[in-house]
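Shown next: coords33.cif, given as mmCIF, C-alpha atoms.
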data_coords
#
loop_
_atom_site.group_PDB
_atom_site.id
_atom_site.type_symbol
_atom_site.label_atom_id
_atom_site.label_comp_id
_atom_site.auth_asym_id
_atom_site.auth_seq_id
_atom_site.Cartn_x
_atom_site.Cartn_y
_atom_site.Cartn_z
ATOM 1 C CA MET A 1 0.000 0.000 0.000
ATOM 2 C CA VAL A 2 2.832 2.371 0.914
ATOM 3 C CA ASP A 3 4.711 1.453 -2.261
ATOM 4 C CA TRP A 4 1.615 2.149 -4.343
ATOM 5 C CA LEU A 5 1.235 5.589 -2.794
ATOM 6 C CA TYR A 6 4.925 6.309 -3.402
ATOM 7 C CA ARG A 7 4.714 5.280 -7.070
ATOM 8 C CA SER A 8 1.469 7.211 -7.513
ATOM 9 C CA PHE A 9 3.064 10.336 -6.123
ATOM 10 C CA GLU A 10 6.096 9.953 -8.403
ATOM 11 C CA GLU A 11 3.912 9.439 -11.498
ATOM 12 C CA HIS A 12 1.478 12.214 -10.713
ATOM 13 C CA SER A 13 3.621 14.605 -8.697
ATOM 14 C CA ILE A 14 2.340 17.717 -10.460
ATOM 15 C CA PHE A 15 -1.253 16.656 -9.881
ATOM 16 C CA TRP A 16 -0.585 16.021 -6.199
ATOM 17 C CA LEU A 17 1.195 19.344 -5.786
ATOM 18 C CA ILE A 18 -1.681 21.241 -7.412
ATOM 19 C CA THR A 19 -4.254 19.321 -5.379
ATOM 20 C CA SER A 20 -2.450 19.927 -2.108
ATOM 21 C CA GLY A 21 -2.088 23.594 -2.981
ATOM 22 C CA VAL A 22 -5.788 23.931 -3.726
ATOM 23 C CA ILE A 23 -6.746 22.136 -0.502
ATOM 24 C CA GLY A 24 -4.277 24.227 1.493
ATOM 25 C CA GLY A 25 -5.692 27.402 -0.031
ATOM 26 C CA ILE A 26 -9.253 26.390 0.783
ATOM 27 C CA ILE A 27 -8.310 25.620 4.410
ATOM 28 C CA THR A 28 -6.441 28.927 4.695
ATOM 29 C CA LEU A 29 -9.415 30.879 3.353
ATOM 30 C CA ALA A 30 -11.818 28.997 5.637
ATOM 31 C CA LEU A 31 -9.692 29.725 8.694
ATOM 32 C CA LYS A 32 -9.332 33.353 7.661
ATOM 33 C CA PHE A 33 -13.114 33.652 7.212
ATOM 34 C CA PHE A 34 -13.752 32.023 10.598
ATOM 35 C CA PHE A 35 -11.329 34.188 12.548
ATOM 36 C CA GLU A 36 -11.811 37.493 10.738
ATOM 37 C CA ASP A 37 -15.557 37.362 10.107
ATOM 38 C CA ILE A 38 -17.350 34.966 12.448
ATOM 39 C CA LEU A 39 -15.124 35.081 15.542
ATOM 40 C CA LYS A 40 -14.442 38.800 15.238
ATOM 41 C CA LYS A 41 -18.167 39.513 14.871
ATOM 42 C CA LYS A 42 -19.017 37.440 17.943
ATOM 43 C CA LEU A 43 -16.317 39.177 20.010
ATOM 44 C CA GLU A 44 -17.588 42.581 18.927
ATOM 45 C CA GLN A 45 -21.162 41.586 19.815
ATOM 46 C CA ARG A 46 -20.068 40.402 23.239
ATOM 47 C CA ARG A 47 -18.144 43.613 23.917
ATOM 48 C CA THR A 48 -21.117 45.695 22.793
ATOM 49 C CA LEU A 49 -23.476 43.654 24.950
ATOM 50 C CA ASN A 50 -21.215 43.971 27.991
ATOM 51 C CA LYS A 51 -21.124 47.746 27.501
ATOM 52 C CA ILE A 52 -24.926 47.874 27.291
ATOM 53 C CA VAL A 53 -25.353 45.802 30.448
ATOM 54 C CA LYS A 54 -22.800 47.917 32.309
ATOM 55 C CA HIS A 55 -24.431 51.133 31.100
ATOM 56 C CA TYR A 56 -27.853 50.146 32.426
ATOM 57 C CA SER A 57 -26.655 48.404 35.577
ATOM 58 C CA SER A 58 -26.680 51.670 37.532
ATOM 59 C CA PRO A 59 -30.319 52.701 36.865
ATOM 60 C CA LEU A 60 -31.471 49.083 37.215
ATOM 61 C CA LEU A 61 -29.737 48.808 40.594
ATOM 62 C CA ARG A 62 -31.087 52.142 41.794
ATOM 63 C CA THR A 63 -34.673 51.505 40.732
ATOM 64 C CA GLY A 64 -34.574 47.806 41.671
ATOM 65 C CA PHE A 65 -33.329 48.626 45.163
ATOM 66 C CA SER A 66 -35.968 51.339 45.530
ATOM 67 C CA LEU A 67 -38.729 48.963 44.429
ATOM 68 C CA GLU A 68 -37.514 46.231 46.788
ATOM 69 C CA ARG A 69 -37.789 48.670 49.697
ATOM 70 C CA LYS A 70 -41.240 49.819 48.602
ATOM 71 C CA VAL A 71 -42.473 46.224 48.286
ATOM 72 C CA ASN A 72 -41.045 45.440 51.717
ATOM 73 C CA GLY A 73 -42.898 48.407 53.193
ATOM 74 C CA TYR A 74 -46.104 47.370 51.481
ATOM 75 C CA ILE A 75 -45.829 43.818 52.844
ATOM 76 C CA ARG A 76 -45.077 45.029 56.355
ATOM 77 C CA ASP A 77 -47.880 47.610 56.443
ATOM 78 C CA ILE A 78 -50.498 45.892 54.294
ATOM 79 C CA ASP A 79 -52.980 45.599 57.172
ATOM 80 C CA LYS A 80 -52.938 49.378 57.667
ATOM 81 C CA GLY A 81 -54.764 49.839 54.366
ATOM 82 C CA TRP A 82 -52.624 52.732 53.194
ATOM 83 C CA TYR A 83 -52.649 51.586 49.572
ATOM 84 C CA GLU A 84 -56.437 51.514 49.223
ATOM 85 C CA ASN A 85 -57.717 54.083 51.685
ATOM 86 C CA THR A 86 -55.295 56.932 52.328
ATOM 87 C CA ASP A 87 -53.758 59.811 50.420
ATOM 88 C CA PRO A 88 -53.135 58.778 46.769
ATOM 89 C CA TYR A 89 -49.421 59.604 47.136
ATOM 90 C CA TYR A 90 -48.696 56.210 48.726
ATOM 91 C CA LYS A 91 -50.418 54.311 45.931
ATOM 92 C CA LEU A 92 -48.932 56.410 43.138
ATOM 93 C CA SER A 93 -45.462 56.136 44.668
ATOM 94 C CA LEU A 94 -45.644 52.336 44.714
ATOM 95 C CA LEU A 95 -47.015 52.138 41.162
ATOM 96 C CA TYR A 96 -44.329 54.543 39.996
ATOM 97 C CA GLY A 97 -41.655 52.357 41.616
ATOM 98 C CA PHE A 98 -42.826 49.427 39.515
ATOM 99 C CA GLY A 99 -43.133 51.534 36.382
ATOM 100 C CA GLU A 100 -39.691 53.086 36.694
ATOM 101 C CA PHE A 101 -37.970 49.709 37.141
ATOM 102 C CA LEU A 102 -39.952 48.094 34.317
ATOM 103 C CA ALA A 103 -39.099 51.005 32.025
ATOM 104 C CA TRP A 104 -35.355 50.509 32.476
ATOM 105 C CA ILE A 105 -35.772 46.792 31.811
ATOM 106 C CA ARG A 106 -37.680 47.573 28.614
ATOM 107 C CA ILE A 107 -34.993 50.040 27.523
ATOM 108 C CA LEU A 108 -32.324 47.392 28.077
ATOM 109 C CA GLU A 109 -34.374 44.873 26.077
ATOM 110 C CA ARG A 110 -34.640 47.292 23.173
ATOM 111 C CA GLU A 111 -30.914 47.978 23.200
ATOM 112 C CA LYS A 112 -29.887 44.321 23.185
ATOM 113 C CA ASN A 113 -32.537 42.924 20.822
ATOM 114 C CA PHE A 114 -30.174 42.957 17.839
ATOM 115 C CA LEU A 115 -27.498 41.025 19.737
ATOM 116 C CA GLU A 116 -27.044 37.374 20.594
ATOM 117 C CA PHE A 117 -27.640 37.552 24.319
ATOM 118 C CA SER A 118 -26.594 35.065 27.027
ATOM 119 C CA ARG A 119 -23.197 34.228 25.562
ATOM 120 C CA SER A 120 -20.852 34.939 28.468
ATOM 121 C CA LYS A 121 -21.316 33.344 31.886
ATOM 122 C CA LYS A 122 -21.747 36.720 33.521
ATOM 123 C CA THR A 123 -24.450 37.897 31.148
ATOM 124 C CA LYS A 124 -26.207 34.554 31.553
ATOM 125 C CA ASP A 125 -26.290 35.097 35.301
ATOM 126 C CA PHE A 126 -27.549 38.643 34.788
ATOM 127 C CA GLU A 127 -30.386 37.415 32.589
ATOM 128 C CA LYS A 128 -31.288 34.524 34.919
ATOM 129 C CA ARG A 129 -31.636 36.846 37.891
ATOM 130 C CA LEU A 130 -33.631 39.327 35.851
ATOM 131 C CA HIS A 131 -35.892 36.523 34.620
ATOM 132 C CA GLY A 132 -36.451 35.434 38.219
ATOM 133 C CA ILE A 133 -38.213 38.710 38.966
ATOM 134 C CA PHE A 134 -40.843 37.969 36.323
ATOM 135 C CA ARG A 135 -40.934 34.283 37.230
ATOM 136 C CA ALA A 136 -42.146 35.279 40.703
ATOM 137 C CA ILE A 137 -45.254 37.159 39.595
ATOM 138 C CA THR A 138 -46.075 35.961 36.065
ATOM 139 C CA SER A 139 -45.295 32.235 36.009
ATOM 140 C CA PHE A 140 -46.836 28.958 37.206
ATOM 141 C CA ALA A 141 -43.325 27.711 38.058
ATOM 142 C CA TYR A 142 -43.500 27.954 41.852
ATOM 143 C CA PHE A 143 -47.078 26.666 42.073
ATOM 144 C CA ARG A 144 -47.071 23.589 39.854
ATOM 145 C CA HIS A 145 -48.083 21.539 42.901
ATOM 146 C CA VAL A 146 -51.369 23.459 43.251
ATOM 147 C CA ALA A 147 -54.145 21.348 41.722
ATOM 148 C CA ASP A 148 -56.431 24.285 40.895
ATOM 149 C CA ALA A 149 -54.849 25.855 37.794
ATOM 150 C CA ASP A 150 -57.466 28.627 37.696
ATOM 151 C CA LYS A 151 -56.522 29.625 41.227
ATOM 152 C CA VAL A 152 -52.886 29.926 40.224
ATOM 153 C CA ASP A 153 -53.804 31.846 37.069
ATOM 154 C CA GLN A 154 -55.848 34.356 39.059
ATOM 155 C CA SER A 155 -52.911 35.043 41.365
ATOM 156 C CA LEU A 156 -50.491 36.275 38.698
ATOM 157 C CA ILE A 157 -50.130 39.294 36.464
ATOM 158 C CA PRO A 158 -49.613 38.641 32.707
ATOM 159 C CA ARG A 159 -46.056 39.324 31.549
ATOM 160 C CA LEU A 160 -47.117 41.519 28.622
ATOM 161 C CA TYR A 161 -48.916 43.884 30.978
ATOM 162 C CA LEU A 162 -45.588 44.499 32.686
ATOM 163 C CA THR A 163 -43.938 45.035 29.290
ATOM 164 C CA ALA A 164 -46.648 47.549 28.373
ATOM 165 C CA ILE A 165 -46.184 49.393 31.670
ATOM 166 C CA GLY A 166 -42.464 49.659 30.957
ATOM 167 C CA GLU A 167 -43.147 51.024 27.479
ATOM 168 C CA MET A 168 -45.633 53.587 28.791
ATOM 169 C CA MET A 169 -43.019 54.863 31.231
ATOM 170 C CA ILE A 170 -40.328 55.510 28.606
ATOM 171 C CA ALA A 171 -39.736 59.081 27.489
ATOM 172 C CA ASP A 172 -37.886 59.070 24.153
ATOM 173 C CA LYS A 173 -36.109 62.421 23.866
ATOM 174 C CA GLU A 174 -34.335 62.824 20.524
ATOM 175 C CA GLY A 175 -33.399 59.149 20.367
ATOM 176 C CA ASP A 176 -32.132 59.068 23.958
ATOM 177 C CA TYR A 177 -34.196 56.796 26.199
ATOM 178 C CA ASN A 178 -35.245 58.106 29.577
ATOM 179 C CA VAL A 179 -37.962 57.451 32.153
ATOM 180 C CA LEU A 180 -40.912 59.665 33.074
ATOM 181 C CA ASP A 181 -40.440 61.668 36.240
ATOM 182 C CA PHE A 182 -42.861 61.193 39.112
ATOM 183 C CA THR A 183 -44.948 64.331 38.573
ATOM 184 C CA THR A 184 -45.425 63.589 34.873
ATOM 185 C CA PHE A 185 -46.420 60.017 35.698
ATOM 186 C CA CYS A 186 -49.006 61.191 38.256
ATOM 187 C CA LYS A 187 -50.612 63.549 35.733
ATOM 188 C CA LEU A 188 -50.729 60.896 33.010
ATOM 189 C CA TYR A 189 -52.040 58.222 35.373
ATOM 190 C CA GLN A 190 -54.901 60.444 36.488
ATOM 191 C CA GLN A 191 -55.689 62.022 33.109
ATOM 192 C CA LYS A 192 -54.799 59.487 30.385
ATOM 193 C CA GLU A 193 -57.077 56.468 30.209
ATOM 194 C CA GLU A 194 -54.586 54.369 28.198
ATOM 195 C CA VAL A 195 -51.926 54.810 30.905
ATOM 196 C CA TYR A 196 -54.371 54.042 33.712
ATOM 197 C CA ASN A 197 -55.642 50.915 31.948
ATOM 198 C CA TRP A 198 -52.192 49.333 31.667
ATOM 199 C CA PHE A 199 -51.496 49.956 35.338
ATOM 200 C CA GLN A 200 -54.892 48.613 36.333
ATOM 201 C CA ALA A 201 -53.698 44.978 36.197
ATOM 202 C CA LEU A 202 -50.822 45.840 38.533
ATOM 203 C CA ASP A 203 -53.203 47.759 40.792
ATOM 204 C CA ILE A 204 -55.493 44.703 41.014
ATOM 205 C CA PHE A 205 -52.515 42.434 41.712
ATOM 206 C CA LEU A 206 -51.324 44.608 44.606
ATOM 207 C CA THR A 207 -54.801 44.989 46.066
ATOM 208 C CA LYS A 208 -55.454 41.246 45.801
ATOM 209 C CA ALA A 209 -52.331 40.410 47.831
ATOM 210 C CA LYS A 210 -54.201 41.276 51.019
ATOM 211 C CA THR A 211 -56.748 38.477 50.591
ATOM 212 C CA ASN A 212 -55.275 36.053 48.021
ATOM 213 C CA GLU A 213 -52.640 33.791 49.580
ATOM 214 C CA LEU A 214 -50.921 32.934 46.298
ATOM 215 C CA THR A 215 -50.678 36.580 45.274
ATOM 216 C CA TRP A 216 -49.347 37.389 48.739
ATOM 217 C CA ASP A 217 -46.638 34.745 48.301
ATOM 218 C CA ARG A 218 -45.835 36.064 44.829
ATOM 219 C CA LEU A 219 -45.243 39.515 46.293
ATOM 220 C CA ILE A 220 -42.727 38.090 48.777
ATOM 221 C CA MET A 221 -41.066 36.074 46.019
ATOM 222 C CA LEU A 222 -40.850 39.237 43.936
ATOM 223 C CA GLN A 223 -39.083 41.007 46.791
ATOM 224 C CA THR A 224 -36.703 38.064 47.161
ATOM 225 C CA HIS A 225 -35.779 38.073 43.479
ATOM 226 C CA LEU A 226 -35.377 41.851 43.475
ATOM 227 C CA LYS A 227 -32.916 41.554 46.352
ATOM 228 C CA HIS A 228 -31.124 38.714 44.554
ATOM 229 C CA PHE A 229 -30.858 40.809 41.384
ATOM 230 C CA CYS A 230 -29.607 43.884 43.233
ATOM 231 C CA LEU A 231 -26.999 41.883 45.159
ATOM 232 C CA PHE A 232 -25.578 40.835 41.799
ATOM 233 C CA LEU A 233 -25.422 44.427 40.521
ATOM 234 C CA ASP A 234 -24.201 46.130 43.701
ATOM 235 C CA LYS A 235 -20.524 45.181 43.453
ATOM 236 C CA GLU A 236 -19.434 48.155 45.521
ATOM 237 C CA LYS A 237 -22.059 47.580 48.249
ATOM 238 C CA SER A 238 -23.272 51.126 47.658
ATOM 239 C CA TYR A 239 -26.923 50.302 48.323
ATOM 240 C CA ILE A 240 -27.225 46.951 50.066
ATOM 241 C CA ARG A 241 -25.721 46.572 53.537
ATOM 242 C CA ASN A 242 -26.682 42.959 54.229
ATOM 243 C CA ASN A 243 -27.574 39.806 52.312
ATOM 244 C CA GLU A 244 -30.719 39.016 54.273
ATOM 245 C CA TYR A 245 -33.852 37.998 52.363
ATOM 246 C CA ARG A 246 -36.781 39.445 54.280
ATOM 247 C CA ASN A 247 -40.361 38.244 54.823
ATOM 248 C CA LEU A 248 -39.783 34.673 53.649
ATOM 249 C CA GLU A 249 -41.228 33.440 56.957
ATOM 250 C CA LEU A 250 -44.507 35.163 56.046
ATOM 251 C CA MET A 251 -45.141 33.016 52.969
ATOM 252 C CA LYS A 252 -48.270 30.863 53.211
ATOM 253 C CA ASP A 253 -47.242 28.030 50.862
ATOM 254 C CA ALA A 254 -44.314 26.029 52.278
ATOM 255 C CA THR A 255 -43.784 24.132 49.006
ATOM 256 C CA ALA A 256 -43.534 27.356 47.027
ATOM 257 C CA ARG A 257 -41.083 28.765 49.579
ATOM 258 C CA LYS A 258 -38.933 25.636 49.284
ATOM 259 C CA ALA A 259 -38.953 25.911 45.471
ATOM 260 C CA LEU A 260 -38.003 29.585 45.701
ATOM 261 C CA LEU A 261 -35.060 28.905 48.008
ATOM 262 C CA LYS A 262 -33.902 26.058 45.786
ATOM 263 C CA HIS A 263 -33.987 28.349 42.766
ATOM 264 C CA ILE A 264 -32.097 31.108 44.577
ATOM 265 C CA ASN A 265 -29.446 28.627 45.731
ATOM 266 C CA ILE A 266 -29.043 27.327 42.183
ATOM 267 C CA LEU A 267 -28.425 30.853 40.922
ATOM 268 C CA ILE A 268 -25.954 31.573 43.715
ATOM 269 C CA SER A 269 -24.080 28.367 42.881
ATOM 270 C CA PHE A 270 -24.195 29.209 39.167
ATOM 271 C CA SER A 271 -22.539 32.585 39.621
ATOM 272 C CA THR A 272 -19.799 31.544 42.029
ATOM 273 C CA ASN A 273 -16.251 32.456 40.937
ATOM 274 C CA LEU A 274 -17.284 33.940 37.614
ATOM 275 C CA ASP A 275 -15.024 36.437 35.936
ATOM 276 C CA THR A 276 -16.184 40.033 35.880
ATOM 277 C CA LEU A 277 -17.514 41.517 32.672
#
Rewrite the coordinates I just gave you, this time as structure tokens.
Amino acid sequence: MVDWLYRSFEEHSIFWLITSGVIGGIITLALKFFFEDILKKKLEQRRTLNKIVKHYSSPLLRTGFSLERKVNGYIRDIDKGWYENTDPYYKLSLLYGFGEFLAWIRILEREKNFLEFSRSKKTKDFEKRLHGIFRAITSFAYFRHVADADKVDQSLIPRLYLTAIGEMMIADKEGDYNVLDFTTFCKLYQQKEEVYNWFQALDIFLTKAKTNELTWDRLIMLQTHLKHFCLFLDKEKSYIRNNEYRNLELMKDATARKALLKHINILISFSTNLDTL
């Protein structure tokens, strides 16, 4: 066999040289295309994505931390009836806290839509924690053990309502995204029916938490995921002074609480020892 190959090469040396040259050229061009076009494009996308995430980390941390505190206050004082019965400032302040946070999330989503997201470990962790916030109040995930599906469905708020709230809160000034200030929001909420209608689902959700045990638990899970998200963003410990997750002992459904803690622990394990962006 070796002799045959040797004789074949001697008899057709020019053919073999041309063939090897063509194959070598094809491989060279393929490698050049891969490294210069595909790999370079992916690296540029990742750098751009990292810049976007970093750029919006500050407003997301600020508004997420503010909302976590507002939700905590609402849970602690829910029996006082401030949300339903007192000066509208309390209610509007809480609704604005949700709207402001959801607006920054929507802005981030718009900015990254053209990119391949979830490529680096750090951005995967970012997205998982962000997804957890919506998982708490829009998903069946933590209540799959509840036999009455209608009961679970009535305890949540549809995800697209939250998206719409975020969109309503965005002020697009000459191509630069920003969020409505509080006074503008209050005027629009009280005067514009389309704004009020989108917030109505959130209003019902918050009101229902006082009497609906599943909605009550969702509110606590929301606070937990907000804290988990903010802990990830607050590298300098500028906002958060401790790692305590509050109000978990107030949850009504022990199985849902166990599932929540398991999910949080999985995310903590997932993000351990990751490189920074």
Would you mind telling me which residue in A:Leu260, A:Leu248, A:Met221, A:Leu108 lies nearest to Ser57 (chain A) when using all atoms listed in the file?
A:Leu108
Step by step, gather every atom of region 144-158 of chain A that the file lists, find the box along x, y and z that holds them, add 8 Å on each side, and finally give centre and edge lengths in Å to one decimal, as JSON.
{"center_x": -52.3, "center_y": 30.3, "center_z": 38.0, "size_x": 26.4, "size_y": 33.9, "size_z": 26.5}
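Reported to one decimal place, the separation of CA of Ser139 (chain A) from CA of Thr163 (chain A) is 14.5 Å.
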Got a sec to resolve the PyMOL selection byres ((chain A and resi 106) around 12) on this structure and send the residues as a PyMOL selection string?
chain A and resi 56+60+99-105+107-113+130+160+162-171+177-179
Excluding same-chain residues fewer than 3 positions from Phe65 (chain A), what lies within 12 Å of it counting only C-alpha atoms, as a PDB file with C-alpha atoms, in the frame of the given file?
ATOM      1  CA  SER A  57     -26.655  48.404  35.577  1.00  0.00           C
ATOM      2  CA  SER A  58     -26.680  51.670  37.532  1.00  0.00           C
ATOM      3  CA  PRO A  59     -30.319  52.701  36.865  1.00  0.00           C
ATOM      4  CA  LEU A  60     -31.471  49.083  37.215  1.00  0.00           C
ATOM      5  CA  LEU A  61     -29.737  48.808  40.594  1.00  0.00           C
ATOM      6  CA  ARG A  62     -31.087  52.142  41.794  1.00  0.00           C
ATOM      7  CA  GLU A  68     -37.514  46.231  46.788  1.00  0.00           C
ATOM      8  CA  ARG A  69     -37.789  48.670  49.697  1.00  0.00           C
ATOM      9  CA  LYS A  70     -41.240  49.819  48.602  1.00  0.00           C
ATOM     10  CA  VAL A  71     -42.473  46.224  48.286  1.00  0.00           C
ATOM     11  CA  ASN A  72     -41.045  45.440  51.717  1.00  0.00           C
ATOM     12  CA  GLY A  97     -41.655  52.357  41.616  1.00  0.00           C
ATOM     13  CA  PHE A  98     -42.826  49.427  39.515  1.00  0.00           C
ATOM     14  CA  GLU A 100     -39.691  53.086  36.694  1.00  0.00           C
ATOM     15  CA  PHE A 101     -37.970  49.709  37.141  1.00  0.00           C
ATOM     16  CA  GLN A 223     -39.083  41.007  46.791  1.00  0.00           C
ATOM     17  CA  THR A 224     -36.703  38.064  47.161  1.00  0.00           C
ATOM     18  CA  HIS A 225     -35.779  38.073  43.479  1.00  0.00           C
ATOM     19  CA  LEU A 226     -35.377  41.851  43.475  1.00  0.00           C
ATOM     20  CA  LYS A 227     -32.916  41.554  46.352  1.00  0.00           C
ATOM     21  CA  HIS A 228     -31.124  38.714  44.554  1.00  0.00           C
ATOM     22  CA  PHE A 229     -30.858  40.809  41.384  1.00  0.00           C
ATOM     23  CA  CYS A 230     -29.607  43.884  43.233  1.00  0.00           C
ATOM     24  CA  LEU A 231     -26.999  41.883  45.159  1.00  0.00           C
ATOM     25  CA  PHE A 232     -25.578  40.835  41.799  1.00  0.00           C
ATOM     26  CA  LEU A 233     -25.422  44.427  40.521  1.00  0.00           C
ATOM     27  CA  ASP A 234     -24.201  46.130  43.701  1.00  0.00           C
ATOM     28  CA  LYS A 237     -22.059  47.580  48.249  1.00  0.00           C
ATOM     29  CA  SER A 238     -23.272  51.126  47.658  1.00  0.00           C
ATOM     30  CA  TYR A 239     -26.923  50.302  48.323  1.00  0.00           C
ATOM     31  CA  ILE A 240     -27.225  46.951  50.066  1.00  0.00           C
ATOM     32  CA  ARG A 241     -25.721  46.572  53.537  1.00  0.00           C
TER      33      ARG A 241
END
With distances taken over all atoms listed in the file, which of A:Ala256, A:Ile78, A:Cys186, A:Leu206 is nearest to Arg144 (chain A)?
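Counting all atoms listed in the file, the residue closest to Arg144 (chain A) is A:Ala256.
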Minimum-distance residue to Thr138 (chain A), chosen among A:Pro158, A:Gly64, A:Pro88, A:Gly73 (using all atoms listed in the file):
A:Pro158
Find, counting all atoms listed in the file, the residue in A:Tyr90, A:Phe182, A:Tyr161, A:Phe199 that gets nearest to Asp77 (chain A).
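Among A:Tyr90, A:Phe182, A:Tyr161, A:Phe199, it is A:Tyr90 that comes nearest to Asp77 (chain A).
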Separation of CA of Thr211 (chain A) from CA of Glu193 (chain A) in Å
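Taking CA of Glu193 (chain A) as the start and CA of Thr211 (chain A) as the end point, the length is 27.2 Å.
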